[in-house]
Structure formats: structure tokens, C-alpha cells
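Chemist: Have a peek at coords06.tsv (TSV, C-alpha atoms).
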chain	number	residue	atom	x	y	z
A	1	MET	CA	32.87	-12.56	-0.38
A	2	CYS	CA	30.86	-15.44	1.07
A	3	ALA	CA	33.63	-16.21	3.55
A	4	ILE	CA	33.76	-12.61	4.71
A	5	LEU	CA	29.99	-12.42	5.05
A	6	THR	CA	29.87	-15.72	6.92
A	7	ALA	CA	32.61	-14.63	9.29
A	8	GLY	CA	30.92	-11.30	9.81
A	9	ALA	CA	27.55	-12.88	10.37
A	10	VAL	CA	28.95	-15.37	12.88
A	11	SER	CA	30.79	-12.65	14.77
A	12	SER	CA	27.60	-10.56	14.73
A	13	VAL	CA	25.60	-13.37	16.26
A	14	ALA	CA	28.31	-14.09	18.82
A	15	PHE	CA	28.43	-10.44	19.78
A	16	PHE	CA	24.69	-10.24	20.25
A	17	VAL	CA	24.57	-13.41	22.32
A	18	HIS	CA	27.35	-12.06	24.52
A	19	GLN	CA	25.68	-8.67	24.95
A	20	ARG	CA	21.99	-9.58	25.08
A	21	GLY	CA	21.68	-13.24	26.07
A	22	SER	CA	20.20	-16.10	24.13
A	23	PHE	CA	18.71	-15.21	20.73
A	24	VAL	CA	16.61	-18.37	20.82
A	25	GLN	CA	15.04	-17.32	24.08
A	26	ALA	CA	14.26	-13.87	22.66
A	27	THR	CA	12.49	-15.23	19.60
A	28	ARG	CA	10.03	-17.15	21.74
A	29	PHE	CA	8.18	-13.88	22.14
A	30	PRO	CA	6.48	-13.05	18.77
A	31	GLY	CA	5.89	-9.42	19.69
A	32	TYR	CA	9.60	-8.94	20.31
A	33	VAL	CA	10.31	-10.05	16.75
A	34	LEU	CA	7.24	-8.56	15.04
A	35	GLU	CA	7.73	-5.11	16.52
A	36	GLY	CA	11.38	-5.10	15.47
A	37	LYS	CA	12.69	-4.78	19.02
A	38	LEU	CA	15.21	-7.55	18.46
A	39	THR	CA	16.73	-5.87	15.43
A	40	ALA	CA	16.67	-2.47	17.15
A	41	ASP	CA	18.64	-3.91	20.07
A	42	LEU	CA	21.06	-5.59	17.71
A	43	ASP	CA	21.59	-2.42	15.70
A	44	SER	CA	22.17	-0.30	18.78
A	45	ALA	CA	24.60	-2.65	20.49
A	46	TYR	CA	26.55	-3.57	17.39
A	47	GLU	CA	26.95	-0.08	15.95
A	48	GLU	CA	28.06	1.31	19.29
A	49	ALA	CA	30.81	-1.28	19.51
A	50	LEU	CA	32.30	-1.11	16.00
A	51	PRO	CA	33.82	2.01	14.42
A	52	VAL	CA	33.17	1.13	10.75
A	53	ARG	CA	29.44	1.66	10.98
A	54	GLY	CA	28.51	1.34	7.34
A	55	LEU	CA	30.09	-2.08	6.92
A	56	ALA	CA	29.01	-3.08	10.41
A	57	ALA	CA	25.40	-2.19	9.68
A	58	GLY	CA	25.52	-4.12	6.41
A	59	LEU	CA	27.03	-7.17	8.06
A	60	TYR	CA	24.56	-6.91	10.85
A	61	GLY	CA	21.58	-6.50	8.52
A	62	ALA	CA	22.81	-9.44	6.46
A	63	ALA	CA	23.13	-11.63	9.55
A	64	SER	CA	19.68	-10.65	10.77
A	65	TYR	CA	18.10	-11.23	7.36
A	66	VAL	CA	19.87	-14.44	6.29
A	67	LEU	CA	20.17	-16.25	9.61
A	68	PHE	CA	17.17	-15.00	11.55
A	69	GLY	CA	14.67	-13.75	8.96
A	70	GLU	CA	14.75	-10.33	10.60
A	71	GLY	CA	14.76	-6.78	9.30
A	72	ARG	CA	14.64	-3.37	10.87
A	73	PRO	CA	11.49	-2.10	12.61
A	74	GLY	CA	8.71	-1.68	10.05
A	75	VAL	CA	9.15	-4.84	7.99
A	76	LEU	CA	8.00	-8.40	8.47
A	77	ILE	CA	9.79	-11.04	6.39
A	78	GLY	CA	7.48	-13.71	5.08
A	79	ALA	CA	8.02	-16.73	2.85
A	80	ASP	CA	9.66	-16.87	-0.58
A	81	GLY	CA	11.06	-13.35	-0.48
A	82	TRP	CA	7.77	-11.67	0.45
A	83	LEU	CA	7.99	-8.56	2.62
A	84	PHE	CA	5.14	-6.95	4.57
A	85	THR	CA	4.77	-3.70	6.47
A	86	THR	CA	4.11	-4.27	10.16
A	87	GLU	CA	1.79	-1.25	10.00
A	88	GLU	CA	-0.91	-3.53	8.59
A	89	PHE	CA	-0.77	-5.70	11.71
A	90	GLU	CA	-1.36	-2.78	14.07
A	91	THR	CA	-4.82	-1.64	15.14
A	92	ALA	CA	-5.89	1.35	17.17
A	93	PRO	CA	-6.85	0.74	20.82
A	94	HIS	CA	-10.43	1.81	20.08
A	95	LEU	CA	-10.93	0.19	16.70
A	96	GLU	CA	-14.67	0.67	16.35
A	97	GLY	CA	-14.53	4.31	17.35
A	98	GLY	CA	-11.65	5.04	14.99
A	99	VAL	CA	-13.38	3.38	12.06
A	100	GLY	CA	-16.56	5.25	12.95
A	101	ARG	CA	-14.77	8.58	12.76
A	102	SER	CA	-13.29	7.71	9.38
A	103	VAL	CA	-16.67	6.62	8.04
A	104	ALA	CA	-18.23	9.86	9.30
A	105	ARG	CA	-15.54	11.82	7.47
A	106	ILE	CA	-16.27	9.91	4.26
A	107	VAL	CA	-20.02	10.49	4.65
A	108	SER	CA	-19.35	14.21	5.03
A	109	VAL	CA	-17.36	14.20	1.78
A	110	ARG	CA	-20.15	12.27	0.05
A	111	ASP	CA	-22.66	14.91	1.13
A	112	ARG	CA	-20.46	17.77	-0.06
A	113	LEU	CA	-20.03	16.14	-3.46
A	114	ALA	CA	-23.75	15.38	-3.71
A	115	ARG	CA	-24.54	19.08	-3.44
A	116	LEU	CA	-22.58	19.48	-6.67
A	117	GLY	CA	-24.39	16.57	-8.33
A	118	VAL	CA	-21.33	14.33	-8.02
A	119	ASP	CA	-21.51	10.67	-7.00
A	120	LEU	CA	-18.91	9.05	-4.72
A	121	ALA	CA	-17.51	5.53	-4.85
A	122	VAL	CA	-14.89	4.34	-2.35
A	123	ALA	CA	-12.14	1.83	-3.11
A	124	VAL	CA	-10.93	0.54	0.27
A	125	VAL	CA	-7.52	-1.05	-0.39
A	126	PRO	CA	-7.19	-4.20	1.75
A	127	ALA	CA	-4.05	-5.10	3.65
A	128	LYS	CA	-1.49	-7.00	1.62
A	129	ALA	CA	-1.05	-9.40	4.56
A	130	ALA	CA	-4.78	-10.14	4.58
A	131	VAL	CA	-4.87	-10.95	0.87
A	132	HIS	CA	-1.61	-12.92	0.74
A	133	GLY	CA	-1.68	-14.56	4.15
A	134	GLU	CA	-0.21	-17.70	2.62
A	135	GLN	CA	3.07	-15.81	2.20
A	136	LEU	CA	3.42	-14.79	5.85
A	137	GLY	CA	5.63	-17.73	6.70
A	138	GLY	CA	5.40	-18.40	10.43
A	139	HIS	CA	3.46	-15.20	11.08
A	140	ARG	CA	-0.29	-14.74	11.28
A	141	PHE	CA	-2.51	-11.81	10.40
A	142	PRO	CA	-4.35	-10.81	13.59
A	143	ASP	CA	-8.11	-11.33	13.85
A	144	ARG	CA	-8.55	-7.77	15.02
A	145	ALA	CA	-6.78	-6.43	11.94
A	146	TRP	CA	-8.96	-8.69	9.77
A	147	GLN	CA	-12.09	-7.21	11.38
A	148	ARG	CA	-11.00	-3.68	10.50
A	149	TYR	CA	-11.88	-4.11	6.82
A	150	ASP	CA	-15.31	-5.55	7.62
A	151	LEU	CA	-16.06	-2.65	9.96
A	152	VAL	CA	-15.19	-0.10	7.27
A	153	LEU	CA	-17.33	-1.76	4.60
A	154	ARG	CA	-20.30	-2.19	6.94
A	155	GLY	CA	-20.06	1.43	7.98
A	156	LEU	CA	-20.03	2.67	4.39
A	157	ALA	CA	-22.87	0.35	3.37
A	158	ALA	CA	-25.00	1.64	6.25
A	159	HIS	CA	-24.77	5.10	4.68
A	160	GLY	CA	-25.43	3.93	1.13
A	161	ILE	CA	-21.90	4.59	-0.12
A	162	ALA	CA	-20.72	2.36	-2.95
A	163	ALA	CA	-17.66	0.43	-1.75
A	164	PRO	CA	-17.01	-3.00	-3.33
A	165	ASP	CA	-15.35	-5.73	-1.28
A	166	LEU	CA	-11.89	-5.56	-2.82
A	167	ARG	CA	-10.42	-7.96	-0.27
A	168	ALA	CA	-12.71	-10.77	-1.36
A	169	ARG	CA	-12.10	-9.88	-5.00
A	170	LEU	CA	-8.31	-9.97	-4.69
A	171	ILE	CA	-8.28	-13.15	-2.64
A	172	ALA	CA	-10.41	-14.88	-5.27
A	173	ALA	CA	-8.07	-13.74	-8.06
A	174	LYS	CA	-4.67	-14.38	-6.43
A	175	ALA	CA	-4.49	-17.99	-7.62
A	176	ARG	CA	-3.87	-16.67	-11.14
A	177	GLN	CA	-1.44	-13.85	-10.35
A	178	PRO	CA	-0.11	-12.12	-7.23
A	179	MET	CA	-2.32	-9.21	-6.27
A	180	TYR	CA	0.48	-7.35	-4.50
A	181	LEU	CA	4.18	-6.86	-5.14
A	182	ARG	CA	6.52	-9.15	-3.19
A	183	THR	CA	8.84	-6.43	-1.87
A	184	ASP	CA	6.53	-3.42	-1.85
A	185	THR	CA	3.48	-2.24	0.08
A	186	HIS	CA	1.56	-1.57	-3.14
A	187	TRP	CA	-0.66	-3.74	-5.24
A	188	SER	CA	0.52	-5.28	-8.49
A	189	VAL	CA	-0.83	-4.25	-11.86
A	190	ALA	CA	-3.01	-7.37	-11.74
A	191	GLY	CA	-4.33	-6.39	-8.31
A	192	ALA	CA	-5.00	-2.82	-9.37
A	193	SER	CA	-6.81	-4.09	-12.46
A	194	GLN	CA	-9.03	-6.36	-10.38
A	195	ALA	CA	-9.84	-3.46	-8.08
A	196	ALA	CA	-10.65	-1.23	-11.05
A	197	ARG	CA	-13.04	-3.84	-12.42
A	198	ALA	CA	-14.89	-4.06	-9.11
A	199	VAL	CA	-15.12	-0.29	-8.71
A	200	ALA	CA	-16.33	0.14	-12.28
A	201	ALA	CA	-19.11	-2.40	-11.67
A	202	ALA	CA	-20.15	-0.49	-8.55
A	203	ILE	CA	-20.66	2.79	-10.43
A	204	ALA	CA	-21.87	1.46	-13.77
A	205	ARG	CA	-25.38	2.70	-12.96
A	206	ARG	CA	-24.33	6.28	-13.76
A	207	ALA	CA	-25.73	6.18	-17.27
A	208	ASP	CA	-25.12	9.88	-18.01
A	209	MET	CA	-21.36	9.54	-17.61
A	210	PRO	CA	-19.51	10.68	-20.76
A	211	ARG	CA	-17.95	7.66	-22.44
A	212	SER	CA	-14.95	7.29	-24.73
A	213	GLU	CA	-13.20	4.53	-26.58
A	214	VAL	CA	-10.23	3.61	-24.43
A	215	THR	CA	-7.22	1.60	-25.57
A	216	LEU	CA	-5.14	-0.10	-22.90
A	217	THR	CA	-1.57	-0.95	-23.87
A	218	ALA	CA	1.27	-2.64	-22.00
A	219	GLN	CA	4.43	-0.61	-21.48
A	220	GLU	CA	8.05	-1.74	-21.27
A	221	PRO	CA	8.72	-4.01	-18.27
A	222	VAL	CA	10.22	-2.38	-15.21
A	223	ASP	CA	12.42	-3.99	-12.54
A	224	HIS	CA	11.22	-2.44	-9.31
A	225	GLU	CA	12.96	-2.48	-5.93
A	226	GLY	CA	10.17	-2.37	-3.38
A	227	ASP	CA	9.77	0.28	-0.71
A	228	LEU	CA	10.14	-2.37	2.02
A	229	VAL	CA	13.63	-3.44	0.91
A	230	LYS	CA	15.22	-0.48	2.67
A	231	PHE	CA	14.13	-1.97	6.00
A	232	LEU	CA	16.44	-4.94	5.45
A	233	ALA	CA	19.47	-2.65	5.89
A	234	LEU	CA	21.79	-4.91	3.89
A	235	GLY	CA	24.12	-2.08	2.86
A	236	PRO	CA	26.84	-3.26	0.45
A	237	PHE	CA	25.35	-6.77	0.49
A	238	GLN	CA	22.02	-5.63	-0.95
A	239	GLN	CA	22.66	-6.85	-4.48
A	240	ALA	CA	24.07	-10.22	-3.41
A	241	LEU	CA	21.61	-11.07	-0.64
A	242	GLY	CA	18.53	-8.93	-1.14
A	243	PRO	CA	15.28	-10.24	-2.63
A	244	GLU	CA	14.87	-10.13	-6.38
A	245	HIS	CA	13.23	-7.02	-7.81
A	246	ASP	CA	9.57	-7.16	-8.70
A	247	ARG	CA	8.96	-7.30	-12.44
A	248	ILE	CA	6.21	-4.88	-13.46
A	249	VAL	CA	4.54	-4.27	-16.82
A	250	PRO	CA	2.67	-0.95	-16.43
A	251	LEU	CA	-0.44	-0.21	-18.45
A	252	ARG	CA	-1.29	2.96	-20.30
A	253	ALA	CA	-4.80	4.10	-21.20
A	254	ARG	CA	-5.37	6.28	-24.23
A	255	THR	CA	-8.72	7.68	-25.28
A	256	GLU	CA	-9.80	8.35	-28.82
A	257	SER	CA	-9.52	12.10	-28.30
A	258	ALA	CA	-6.14	12.07	-26.53
A	259	ASP	CA	-4.16	12.70	-29.73
A	260	GLN	CA	-6.46	15.54	-30.82
A	261	ALA	CA	-6.51	17.82	-27.81
A	262	ALA	CA	-3.69	19.35	-25.82
A	263	ASP	CA	-5.96	19.63	-22.81
A	264	LEU	CA	-7.85	16.38	-22.53
A	265	PHE	CA	-10.54	17.84	-20.29
A	266	GLY	CA	-10.59	21.36	-21.69
A	267	GLU	CA	-13.85	21.23	-23.65
A	268	VAL	CA	-15.70	18.16	-22.44
A	269	PRO	CA	-17.22	17.21	-19.08
A	270	ILE	CA	-15.00	15.24	-16.70
A	271	PRO	CA	-16.45	11.74	-16.34
A	272	VAL	CA	-14.41	10.48	-13.38
A	273	ALA	CA	-11.98	12.01	-10.91
A	274	LEU	CA	-9.69	9.68	-8.98
A	275	VAL	CA	-8.60	10.85	-5.53
A	276	GLY	CA	-6.34	8.82	-3.30
A	277	THR	CA	-2.87	7.87	-2.17
A	278	SER	CA	0.21	6.41	-3.83
A	279	TYR	CA	-1.83	3.32	-4.78
A	280	SER	CA	-3.50	5.60	-7.34
A	281	ALA	CA	-0.97	8.38	-7.85
A	282	ASP	CA	1.89	6.22	-9.13
A	283	PRO	CA	1.21	5.22	-12.77
A	284	THR	CA	3.44	2.16	-12.31
A	285	TRP	CA	0.63	0.28	-10.55
A	286	SER	CA	-1.78	1.35	-13.35
A	287	PHE	CA	-4.93	1.74	-11.26
A	288	ALA	CA	-6.04	4.91	-13.06
A	289	ALA	CA	-5.37	3.36	-16.45
A	290	ALA	CA	-7.27	0.19	-15.61
A	291	LEU	CA	-10.18	2.21	-14.20
A	292	SER	CA	-10.36	4.26	-17.39
A	293	ALA	CA	-10.46	1.10	-19.52
A	294	GLU	CA	-13.09	-0.57	-17.33
A	295	LEU	CA	-15.36	2.48	-17.40
A	296	SER	CA	-14.67	3.44	-21.03
A	297	ALA	CA	-14.18	6.94	-19.72
A	298	ASP	CA	-11.46	9.49	-19.14
A	299	VAL	CA	-10.13	9.59	-15.58
A	300	LEU	CA	-8.71	12.75	-14.05
A	301	ASN	CA	-6.13	11.50	-11.56
A	302	VAL	CA	-5.64	13.92	-8.67
A	303	ALA	CA	-4.29	11.35	-6.21
A	304	ALA	CA	-1.20	12.36	-4.23
A	305	ASP	CA	1.72	10.47	-2.77
A	306	GLY	CA	2.78	11.01	0.84
A	307	LEU	CA	-0.22	13.01	2.06
A	308	GLY	CA	-2.18	10.25	3.76
A	309	ALA	CA	-5.76	9.24	3.08
A	310	PHE	CA	-7.78	12.40	3.77
A	311	ARG	CA	-5.58	15.32	2.73
A	312	PRO	CA	-5.77	14.64	-1.04
A	313	MET	CA	-9.58	14.74	-0.85
A	314	GLU	CA	-9.57	17.99	1.13
A	315	ASP	CA	-7.27	19.50	-1.45
A	316	TYR	CA	-9.53	18.39	-4.29
A	317	LEU	CA	-12.68	19.69	-2.59
A	318	ALA	CA	-11.04	23.11	-2.37
A	319	SER	CA	-9.66	23.05	-5.91
A	320	PRO	CA	-10.73	25.04	-8.99
A	321	GLU	CA	-10.98	21.74	-10.90
A	322	LEU	CA	-13.91	20.59	-8.82
A	323	ARG	CA	-15.51	24.01	-8.52
A	324	ASP	CA	-15.39	24.84	-12.23
A	325	ARG	CA	-15.97	21.43	-13.80
A	326	PRO	CA	-17.30	18.83	-11.38
A	327	PRO	CA	-17.08	15.22	-12.61
A	328	ALA	CA	-19.93	12.76	-12.79
A	329	VAL	CA	-18.25	10.47	-10.26
A	330	VAL	CA	-15.39	10.70	-7.78
A	331	VAL	CA	-13.56	7.48	-6.94
A	332	TRP	CA	-11.82	7.78	-3.58
A	333	GLU	CA	-9.09	5.20	-2.95
A	334	LEU	CA	-8.34	4.63	0.75
A	335	PRO	CA	-5.95	2.06	2.25
A	336	GLU	CA	-7.70	0.27	5.11
A	337	ARG	CA	-4.76	0.68	7.48
A	338	TYR	CA	-5.39	4.44	7.63
A	339	LEU	CA	-9.02	4.09	8.70
A	340	ASP	CA	-8.97	2.53	12.16
A	341	ASP	CA	-8.02	5.69	14.04
A	342	GLY	CA	-9.88	8.34	12.12
A	343	PRO	CA	-7.94	11.24	10.56
A	344	GLU	CA	-5.37	10.86	13.36
A	345	SER	CA	-4.07	7.74	11.60
A	346	GLU	CA	-2.28	10.00	9.12
A	347	GLU	CA	0.33	11.01	11.68
A	348	PRO	CA	3.76	10.71	9.99
A	349	ALA	CA	5.12	8.45	12.73
A	350	ARG	CA	2.42	5.89	12.07
A	351	ARG	CA	2.85	6.02	8.32
A	352	ALA	CA	6.62	5.74	8.42
A	353	ALA	CA	6.66	1.94	8.41
A	354	GLY	CA	5.25	1.59	4.93
A	355	GLY	CA	6.81	4.76	3.61
A	356	THR	CA	3.74	5.44	1.48
A	357	GLY	CA	0.57	7.40	1.69
Before anything else, please render the file you have as C-alpha cells.
Modeler:
Amino acid sequence: MCAILTAGAVSSVAFFVHQRGSFVQATRFPGYVLEGKLTADLDSAYEEALPVRGLAAGLYGAASYVLFGEGRPGVLIGADGWLFTTEEFETAPHLEGGVGRSVARIVSVRDRLARLGVDLAVAVVPAKAAVHGEQLGGHRFPDRAWQRYDLVLRGLAAHGIAAPDLRARLIAAKARQPMYLRTDTHWSVAGASQAARAVAAAIARRADMPRSEVTLTAQEPVDHEGDLVKFLALGPFQQALGPEHDRIVPLRARTESADQAADLFGEVPIPVALVGTSYSADPTWSFAAALSAELSADVLNVAADGLGAFRPMEDYLASPELRDRPPAVVVWELPERYLDDGPESEEPARRAAGGTG
């Protein structure tokens, strides 16, 4: 197996050098590597030349990954098996204007909720590459991308919207546990729990929020293959050469009344509604559970996967749930990388790199 892979990798490299020129010369240009142009050229040339495309692609992906630290467009390979989405490194041409449009959209939502007597808190999810920059290997998180988060928080603060600095919180906590998954765009359970603690502190002033006794319990461990692994394109060599799966221990929140009512929110006011993306919608990361435990309150999770940052909120604003039984507080989770180009940042082509939303 190793001999076959080695021979295939060597022949892959030789083919590329013959077709495209010196690989070493190409890698002197960081953008060529970061944007995935090198791998795209390799894929195109190699697959056109060999008839057995599945094996060829696997050999080619293995050669790119093992020898060159390269994946397909959309992934950046860091140190120690860490993978990052290149989407986090990209910023809109007019950063300030894009952030301004996103902030204006959030302010509009805040005002609509306020007319119903509902408070809004915003959880701006920082870029994984900004929090775990030490795992970027030879790469560097751009200053302009770093500024994006600051612009969002300053814009929200200027309008009096509660939005804790989750980036600072996660950076401070990462020495104890990773705040994000190695092979996935999403935060770890530890990172989600830290975020929940910060958000809960930001809305603790809402004294009239209905409270419950919440028990948080650990579930069975899960071996998770991250959403960025597919960009390595290792094919049949995935198990042998791919990064180890992330080990996750999800959390489950149970309130005192959960065993006594079929409809948890049927007869009592809704304390908190959680709106957001896959960072909130997927129970594996446990953000909703951690938020419920931190607030000692039930959380109605209406987050949605794959709809971007703004669509889930629009859907909730138009829903019978909000109209008939408005909560005390809405927590709106928003990944920062969607906020630098206003609502236009939800275009599927721009979200495709991370595969989440």
C-alpha cells in the first residue's frame, strides 16, 4: 500500500512538474497556494491525462496533502492536522460598507423585536483562524480579516445591542481546551460553552425571564469527521492518510418540567429563543444546551443549517411562534465571516468553501 502510494505520489509530482513547471517556484506566491489555484491546476491536468479518475484523484489528493500540505480550493491546511476554511481569510472589497449594511439589518431586527417587548442579544461567532492562529502553520490570518470582527462589535455597541466579545473570550480559554474542532469549521463543545457563558452574562439583566432548574449531562462520545476533510480529496486513501476524527462529547440540557409535559413550551412563556446557523442548529456542538444551563432557562432553538445568517431570523420573525408567544429574549448567533458584505454575503458560491451556514 505504502509503495503504491509513494509511486503514485512521485509520478503525480513528476507529471505536474512536466506539465506546469517548477512546483517550488509556484509555491513562492502565497495567494496561488491559499486560493487553491495550485491544486485546481493539478486536478485539471492530472485527471485529463489519466482514465481511472477515481484512483487518480485519490493519488493526486494524497500527493498534494502529504507532500505539499495542499488540499482542494476551500481548505487551508495548518499545523498538527488542523484544517481551516479559506472563506475566513477573505474580506469584501468594501469592508466597512458591508459591515455597516449588516449592522443596519441587525438594528432593524432589534427594533422589530422591541415592538413586541422582546430583547435581542447577538453572538458574533469569531473566525476559527483568528482564535487558533497558532495552528495556522506557515500561514497568517490577514489584518483586514482581523479588523472585521472589531468593526462588527463596534457597530453593534454604537446602537446599544448586547454583543459580547466572543473572540477575546475564546482566545483566553483556548489554553485549557481547543475552542474549535480540528477538522471542522464549527466550534467545539468547550468553545460553544464559553460563548454561552458570555452571552448569558450579557442578558442576565432581564430579571423577568422565566427560570427553570436545568441539568446538563454529557452524552456518549462521538467520532466526528469534519466538514473540511472532503476538501482533501484523498479518495480511497482517506482512512490511511486523512486526519484523525475529532472526538466530541455532546451535552444535553433537561429542565425540571421536561419529563412532565409533552410540549415543553405549551403552557408557559418562552424565556429564550435561539436563532442562528449550524453553529446553533446542530446539537452536537451543544450551544443551545450550554445556553440553557447558563441562563437556567428553557431555550427554544429555531436555528437552521444551510440558510446563511439572515434567512433564519426572517423566517422566525414571520413565524406563528413569535407572533403567538414572543420570548423574553432572542439570542441571534451570527458567524463573522457572513457580515462583511451585508446580506449579499449569503450567496451560495461564497458559502460553499465552509459548507455550512
Chemist: Hey, which of A:Asp282, A:Glu88, A:Glu314, A:Asp246 ends up closest to A:Leu113? Count all atoms listed in the file.
Modeler: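 Closest candidate: A:Glu314.
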Chemist: State, in Å with one decimal place, the distance from atom CA of A:Ala114 to atom CA of A:Trp332.
Modeler: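 These two atoms are separated by 14.1 Å.
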Chemist: Can you pull out every residue within 10 Å of A:Val107, counting all atoms listed in the file, but drop anything in the same chain fewer than 3 positions away, and send it as a list in words?
Modeler: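 So the residues in contact are Arg101, Ser102, Val103, Ala104, Arg110, Asp111, Arg112, Leu113, Leu120, Gly155, Leu156, His159, Gly160 and Ile161 of chain A.
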Chemist: Which residue out of A:Ala127, A:Ala318, A:Ala289, A:Leu116 has the minimum interatomic distance to A:Ala190 when only C-alpha atoms are used?
Modeler: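 When distances to A:Ala190 are compared using only C-alpha atoms, the smallest one comes from A:Ala289.
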Chemist: Could you tell me how far atom CA of A:Ala158 lies from atom CA of A:Trp146, in Å and to one decimal?
Modeler: 19.4 Å
Chemist: For A:Arg105, which of A:Asp324, A:Glu294, A:Ile171, A:Val152 is the closest residue, counting all atoms listed in the file?
Modeler: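 For A:Arg105, the nearest of the given residues is A:Val152.
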Chemist: List the spatial neighbours of A:Pro243 as a ChimeraX atom specification - criterion: any atom at most 8 Å away, only C-alpha atoms, same-chain residues fewer than 6 positions off excluded.
Modeler: /A:81,183,229
Chemist: Out of A:Ala192, A:Leu307, A:Val272, A:Asp315, which residue has the shortest atom-to-atom distance to A:Val109 when counting only C-alpha atoms?
Modeler: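 Nearest to A:Val109: A:Asp315.
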Chemist: List as a list in words the protein and nucleic acid residues near A:Ala281, meaning an atom at most 8 Å away when all atoms listed in the file are counted, but skip any in the same chain fewer than 5 places from it.
Modeler: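 Answer for this query is Gly276, Asn301, Val302, Ala303, Ala304 and Asp305 of chain A.
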Chemist: For a quick check of understanding, using all atoms listed in the file, which of A:Pro210, A:Ala253, A:Ser296, A:Leu339 has the smallest distance to A:Gly97?
Modeler: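 Nearest to A:Gly97: A:Leu339.
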Chemist: Quick one, how far is atom CA of A:Leu76 from atom CA of A:Leu136?
Modeler: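 Between atom CA of A:Leu76 and atom CA of A:Leu136 the gap works out to 8.3 Å.
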Chemist: Using only C-alpha atoms, can you tell me which of A:Ile106, A:Ala198, A:Ala145, A:Ala121 comes closest to A:Ala162?
Modeler: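 Once distances to A:Ala162 are computed over only C-alpha atoms, the minimum belongs to A:Ala121.
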Chemist: May I have the residues within 12 Å of A:Ser280 as a ChimeraX atom specification, using all atoms listed in the file and disregarding those fewer than 5 positions away in the same chain?
Modeler: /A:123-125,186-189,192-193,195-196,273-275,285-291,299-306,309,312,331-335,356-357
Chemist: Please write out, as JSON, where the centre of an axis-aligned box around all listed atoms of stretch 310-314 of chain A lies and how long its edges are, in Å to one decimal, after adding 6 Å on each side.
Modeler:
{"center_x": -7.6, "center_y": 15.2, "center_z": 1.4, "size_x": 16.0, "size_y": 17.6, "size_z": 16.8}
Chemist: Would you pick out the contacts of A:His139 at 10 Å or less, using all atoms listed in the file, so that residues sharing its chain but fewer than 4 positions from it are not included, and give the list as a list of chain:residue names?
Modeler: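 Near neighbours after the sequence-gap exclusion: A:Pro30, A:Leu34, A:Leu76, A:Ile77, A:Gly78, A:Ala79, A:Ala129, A:Gly133, A:Glu134, A:Gln135.
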